[in-house]
Amino acid sequence: MIKHLLVLMLVVPFALAADAVGEESVGAIVAEIGDDSIVTVSYHLRFDEGDAPYGGGWSYMCPNCGRLHQTNDLGSIVEEERTADRAGFLISPTEVVTSDSLVPLRFIERIDVHANGQSVPASIAATAIGEKAVRLTMERQLSGVTPLEFESGATAAHTLTRVKINGSWTTNIQRVSPDLVLRDTGDVMRAVPDGCILFDREGRPVGLSFNGEIAAEGWLGNPAAWAWASLDDVADMLVDVEAAAARQILHATLRFRSPAKDFTDEYAMYTGNEADDLEQHATAVVVDHDLLLVPMSLSKEQTARLEQIRIRTAGGATVEAEFAGSLKDYGALLVTAALPADHVPRLGDADLRKMRYSLIPAIELRILGEQEERRPICNRIVGYAYGFRDQIFPRIGGPRNGVLLFSPDGDLFVFPMARRTGPSEGNDRYGARPVATPVSHLEPVLEDLDAHLDPLNVPLNEEEENRIAWLGTEVQSLDAELARALEIADKTDDGNAGLMITYVYEGSPAQQNGLLVGDVLLRIQTEDEPAPIELVDESYNEFYQEGFPWEFLDELPEEYYDRIPTPWPPANGFLNELITELGAGNAFSMEYLRDGELKQLDMVVEYSPPYFRTAPRIEHEALGVTARDITYEARRYFQRTEEDPGVIISSLSPGSRASVAGLRPYEIITHVDDEPVMSVDDLVSLTADRDEVRLSVRRFNNDRIVSIDLSSAE
C-alpha cells in the first residue's frame, strides 16, 4: 500500500531477521495488519464542578523547545475545544483496547472511536488490573476494519505503535530488542514501546503491551488472558476503599494564638501586618493506636503558637488531641487522641516496585476548611524515583497532590507528605511540596520516635515563643563594588554572598570569640546539615538604609501608628533567625574572611538578651500608650547607655491623651515631672494618682516637654 512506503523505508534497515520471511515482507504485513486493526479513540473532556480534567501519561509537543513533555493537566484541551486522542486496537468487532488515560469518569463527556471516516460512540467496559489499559465497547461495528487475532505461543519479534505527533498520526515499526533488563526484584524484562501491537517473525500478532515492557518469559500478550475489572468491580472496590479511608484518614483542626506584633515589618504600613490564620485544617492519618500523623509543614514560629488540636472521627464526633512532636525530616506532626475502637491503623508494607502499572484504589482528598472533598478513584504507579536518603518514591498518574493509595484490602501504603528541608537547602525550609510517600518510610520513625522528633519545633508560651539566639553583630550584605574593593570578589561570588560585620555588641558571642568589625561572614556548618549554610541575606532592607522618617511622624494618621516598623534594624533578622534555628546549646562552625584570609571559628548557639519584641512592657490606660524598656539594639540606635533614663513608646491608642498631646511611636519618655524613668514600672509609679504630668520626651535627638491632663482619667 502506497501510504506505507515511508514506514517500509524505516523498516528496511532492520536486516537482522534470520527467518524465511524477509524483513521488508514482515514490515509490509505488520503495517497492513496495523492499518486494518488500529482505530482512533477520542476523549471528549469537560470541567466538573469547576475542576479541570486531569489524567496520566498524556504528552504534548512543546512549541517552544520542540520536545515532548508529559502532563497531567488536561484543562487546556477543553479550553482549546479539541479532543484527547489515542490509538486503540480492535480485538473484536465491537471491542477496543487502548491505554488507560487515568481520567476519572466525571471528566469524560463521551468517547468516540474513529476509523475510515466513520465515528462510533463507545464506553469503558473494563479496566485491566495488571496492564495500563482499558477495554471499550462500541455501540456498533465499524466497517473496513478487522479485529486482531493473536497467535498463541509465538515469540514477539516486532512492535507497531501509532501516535499523534508533529501534526500527523505516525506509525512506527521496530524490532523487539534481544537485550534483557534484570532488576533486583527478580524481574527479567524486555523493553517495548508503550501502547503497541507485538508480532512474531512471520508478522502475526501475538499480543498487546501498554506498560513499556514485557516479561522475558511467561508474558501474556493476548488481552483475553489478562485479568480485568468490570465497571461494577471497580465500583465495589471504590466503595470498599472509601469505607477504609473513613476510619484511617481523619480531619484535624489546629488552633493558634495570635502572633506577637512584628515591629520590624517594613511593609506593615502598606499591608496592615495581618496575622497568620489562627485556625488551620489538615488530614490526620492513624498510624498507631491513638497516635495520628498530621502531614502539615508548620514552621517553628507556627508550632510555637499551637494551642489546641481536635480530631473529627469517621462518625463526626470531635475529640481533643495532644501534641506529641514534630518530625525532623518530614513536614508532619504527631498527635495523640482517644479514638473509637474501629479506628485502627492499617499500614501496608508491600513492595511498591511489584505494583507498577497495577490498578490501585485511591482517595483524592481536598481539605476545604471545616469541609472535605473525598473522591474515590482508580490510579496506577507509573514509575519510581530515588529521593531523600536513597529512598524510593512512586510516581503516580492522575493528580500529583492529595492522593492516597490503598491496597484492595484497605491498607494505606502511599500518602502525600513533604520533606522538611534544612537551612542549608535554602530559605524555603517549610515550603516543600508534598510528594507521594510510601508509608513504609515511617517505620523507622515510629520505632524510635525520640530520635526522629525535633525538640525545637514544639508549642511554647508567649515569652518563649519570641526568644531568639544571637551572634551579637550588625551586618550588611556585600555587593560587587564592595567585594572588589576589599579584594574578596573571588571568595564571595562577586559580592553575592557574605555578610560584613559593621558592629559588635559588647559581651556578645561574637565579641567573646574574637570577631571584629570588617570581618566578612561566609557560611555556617553544623553536624546535622549535609551542606554548609551560605550566608546570603535576601531580605529587602531599603527602609533601614534610607533612614527613619522622623520628620514626617506628625503627618501620619493615627490608624497607622501600630504599623510603623522600628527605626533600627531588627534583632530577629536573617542571621539571628538562622542561628536560632540551629538550637540553643548546639555547636556550629563559622567560616569568615579577615583581611582576605579565610578563617574558621567554632561556636555554640546562645540565647540573646531581651530585645524590643520581648522587652518588659506596660499598657498605660490613662495616657493611652504602650511603652517598653529600651533594649540593646534600640540603645545602640539612639546612642544611649544603660545608665541613661527612658522607655520607648511602642504604640498609641487613636484619640488617646498621649496622641492628642503629640506623642508618637518610638519617642522616648525620659522623665516624669523631672524624675528619671528607668523602666516601664517607673512610668507607672511616677504617673499614679496625678491630675497632670509633665513628660520629658525625646524624638531621636530633639527634646521637648509635653504636659498631659489626667484629671478626667478613670
# chains A, B, ... in the order shown; residues from 1 in each chain; ligands from 1

call {"tool": "residues_around", "arguments": {"residues": "Val647 (chain A)", "least_positions_apart": "2", "cutoff": "9 Å", "atoms": "only C-alpha atoms", "output": "PyMOL selection string"}}
result
chain A and resi 627-630+645+649+667-670+677-680+683

call {"tool": "residues_around", "arguments": {"residues": "Gly221 (chain A)", "least_positions_apart": "5", "cutoff": "10 Å", "atoms": "only C-alpha atoms", "output": "PyMOL selection string"}}
result
chain A and resi 150-153+156+197-198+205-209+214-215+226

call {"tool": "select_by_dssp", "arguments": {"residues": "region 67-145 of chain A", "states": "alpha helix (DSSP H)", "output": "PyMOL selection string"}}
result
chain A and resi 75-79

call {"tool": "select_by_dssp", "arguments": {"residues": "region 437-574 of chain A", "states": "strand (DSSP E or B)", "output": "list in words"}}
result
Thr437, Pro438, Leu453, Ala469, Thr473, Glu474, Val475, Gln476, Ser477, Leu499, Met500, Ile501, Thr502, Tyr503, Val504, Val520, Leu521, Leu522, Arg523, Ile524, Gln525, Ile533 and Glu534 of chain A

call {"tool": "closest_atom_pairs", "arguments": {"of": "region 388-467 of chain A", "to": "region 570-586 of chain A", "cutoff": "9 Å", "atoms": "only C-alpha atoms", "output": "tab-separated table"}}
result
residue	atom	partner	partner_atom	distance
A:Pro423	CA	A:Leu578	CA	7.5
A:Pro455	CA	A:Gly583	CA	8.9
A:Leu456	CA	A:Gly583	CA	6.7
A:Arg467	CA	A:Thr580	CA	8.6

call {"tool": "residues_around", "arguments": {"residues": "Pro93 (chain A)", "least_positions_apart": "2", "cutoff": "10 Å", "atoms": "only C-alpha atoms", "output": "mmCIF file with N, CA, C and O atoms, in the first residue's frame"}}
result
data_model
loop_
_atom_site.group_PDB
_atom_site.id
_atom_site.type_symbol
_atom_site.label_atom_id
_atom_site.label_comp_id
_atom_site.auth_asym_id
_atom_site.auth_seq_id
_atom_site.Cartn_x
_atom_site.Cartn_y
_atom_site.Cartn_z
ATOM 1 N N LEU A 90 -8.397 -2.947 17.854
ATOM 2 C CA LEU A 90 -9.641 -3.693 17.747
ATOM 3 C C LEU A 90 -9.377 -5.158 18.067
ATOM 4 O O LEU A 90 -8.569 -5.823 17.415
ATOM 5 N N ILE A 91 -10.064 -5.692 19.102
ATOM 6 C CA ILE A 91 -9.857 -7.099 19.482
ATOM 7 C C ILE A 91 -11.101 -7.940 19.222
ATOM 8 O O ILE A 91 -11.049 -9.169 19.349
ATOM 9 N N GLU A 95 -15.157 -4.364 20.249
ATOM 10 C CA GLU A 95 -14.321 -4.101 21.422
ATOM 11 C C GLU A 95 -12.970 -3.532 21.005
ATOM 12 O O GLU A 95 -12.355 -4.006 20.046
ATOM 13 N N VAL A 96 -12.520 -2.542 21.771
ATOM 14 C CA VAL A 96 -11.247 -1.870 21.519
ATOM 15 C C VAL A 96 -10.468 -1.822 22.828
ATOM 16 O O VAL A 96 -11.031 -1.523 23.890
ATOM 17 N N THR A 137 -16.300 -0.723 24.740
ATOM 18 C CA THR A 137 -17.336 -1.369 23.949
ATOM 19 C C THR A 137 -17.986 -0.330 23.050
ATOM 20 O O THR A 137 -18.467 0.705 23.536
ATOM 21 N N MET A 138 -17.987 -0.587 21.753
ATOM 22 C CA MET A 138 -18.602 0.337 20.794
ATOM 23 C C MET A 138 -20.087 0.013 20.642
ATOM 24 O O MET A 138 -20.512 -1.133 20.795
ATOM 25 N N ARG A 140 -21.756 0.023 17.934
ATOM 26 C CA ARG A 140 -21.965 -0.776 16.719
ATOM 27 C C ARG A 140 -20.607 -1.024 16.061
ATOM 28 O O ARG A 140 -19.605 -0.421 16.434
ATOM 29 N N GLN A 141 -20.591 -1.879 15.089
ATOM 30 C CA GLN A 141 -19.353 -2.223 14.406
ATOM 31 C C GLN A 141 -18.940 -1.121 13.427
ATOM 32 O O GLN A 141 -19.780 -0.372 12.923
ATOM 33 N N LEU A 142 -17.652 -1.074 13.191
ATOM 34 C CA LEU A 142 -17.103 -0.213 12.150
ATOM 35 C C LEU A 142 -16.828 -1.063 10.909
ATOM 36 O O LEU A 142 -16.383 -2.221 11.026
ATOM 37 N N SER A 143 -17.083 -0.517 9.740
ATOM 38 C CA SER A 143 -16.800 -1.256 8.508
ATOM 39 C C SER A 143 -15.374 -0.989 8.058
ATOM 40 O O SER A 143 -14.800 0.058 8.350
ATOM 41 N N VAL A 145 -12.640 -2.522 8.971
ATOM 42 C CA VAL A 145 -11.604 -2.816 9.962
ATOM 43 C C VAL A 145 -11.717 -4.277 10.366
ATOM 44 O O VAL A 145 -12.797 -4.885 10.299
ATOM 45 N N THR A 146 -10.599 -4.825 10.789
ATOM 46 C CA THR A 146 -10.539 -6.250 11.110
ATOM 47 C C THR A 146 -9.975 -6.435 12.508
ATOM 48 O O THR A 146 -8.883 -5.919 12.808
ATOM 49 N N PRO A 147 -10.673 -7.161 13.383
ATOM 50 C CA PRO A 147 -10.130 -7.386 14.731
ATOM 51 C C PRO A 147 -8.834 -8.198 14.677
ATOM 52 O O PRO A 147 -8.640 -9.026 13.778
ATOM 53 N N LEU A 148 -7.975 -7.931 15.624
ATOM 54 C CA LEU A 148 -6.726 -8.676 15.727
ATOM 55 C C LEU A 148 -7.007 -10.105 16.172
ATOM 56 O O LEU A 148 -7.861 -10.352 17.036
#

call {"tool": "closest_atom_pairs", "arguments": {"of": "region 194-313 of chain A", "to": "region 357-362 of chain A", "cutoff": "10 Å", "atoms": "only C-alpha atoms", "output": "Markdown table"}}
result
| residue | atom | partner | partner_atom | distance |
| --- | --- | --- | --- | --- |
| A:Phe210 | CA | A:Tyr357 | CA | 9.1 |
| A:Asn211 | CA | A:Tyr357 | CA | 6.8 |
| A:Trp228 | CA | A:Leu359 | CA | 9.7 |
| A:Ala229 | CA | A:Leu359 | CA | 8.9 |
| A:Val234 | CA | A:Pro361 | CA | 8.5 |
| A:Met237 | CA | A:Pro361 | CA | 6.8 |
| A:Leu238 | CA | A:Pro361 | CA | 6.3 |
| A:Val239 | CA | A:Pro361 | CA | 9.6 |
| A:Asp240 | CA | A:Pro361 | CA | 9.0 |
| A:Val241 | CA | A:Pro361 | CA | 6.5 |
| A:Glu242 | CA | A:Ala362 | CA | 8.4 |
| A:Ala245 | CA | A:Ala362 | CA | 9.1 |

call {"tool": "residues_around", "arguments": {"residues": "region 402-405 of chain A", "least_positions_apart": "3", "cutoff": "12 Å", "atoms": "only C-alpha atoms", "output": "VMD selection string"}}
result
chain A and resid 238 241 to 242 244 to 245 248 to 249 282 to 283 285 295 347 to 348 350 352 355 358 to 367 372 to 381 394 to 399 408 to 418 433 to 439

call {"tool": "atom_distance", "arguments": {"atom1": "CA of Ser589 (chain A)", "atom2": "CA of Thr631 (chain A)"}}
result
28.1 Å

call {"tool": "residues_around", "arguments": {"residues": "Glu301 (chain A)", "least_positions_apart": "2", "cutoff": "9 Å", "atoms": "only C-alpha atoms", "output": "PyMOL selection string"}}
result
chain A and resi 259+298-299+303-305+457+459+465-466

call {"tool": "atom_distance", "arguments": {"atom1": "CA of Gly56 (chain A)", "atom2": "CA of Ala133 (chain A)"}}
result
11.9 Å

call {"tool": "closest_residue", "arguments": {"among": "A:Arg420, A:Arg636, A:Arg162, A:Arg257", "to": "Thr473 (chain A)", "atoms": "only C-alpha atoms"}}
result
A:Arg636

call {"tool": "residues_around", "arguments": {"residues": "Leu623 (chain A)", "least_positions_apart": "5", "cutoff": "9 Å", "atoms": "only C-alpha atoms", "output": "ChimeraX atom specification"}}
result
/A:652-653,656-659,708,710,713

call {"tool": "residues_around", "arguments": {"residues": "region 101-117 of chain A", "least_positions_apart": "5", "cutoff": "6 Å", "atoms": "only C-alpha atoms", "output": "list in words"}}
result
Val39, Thr40, Val41, Ser42, Tyr43, His44, Leu45, Arg46, Pro53, Tyr54, Gly55, Gly56, Ala122 and Gly398 of chain A
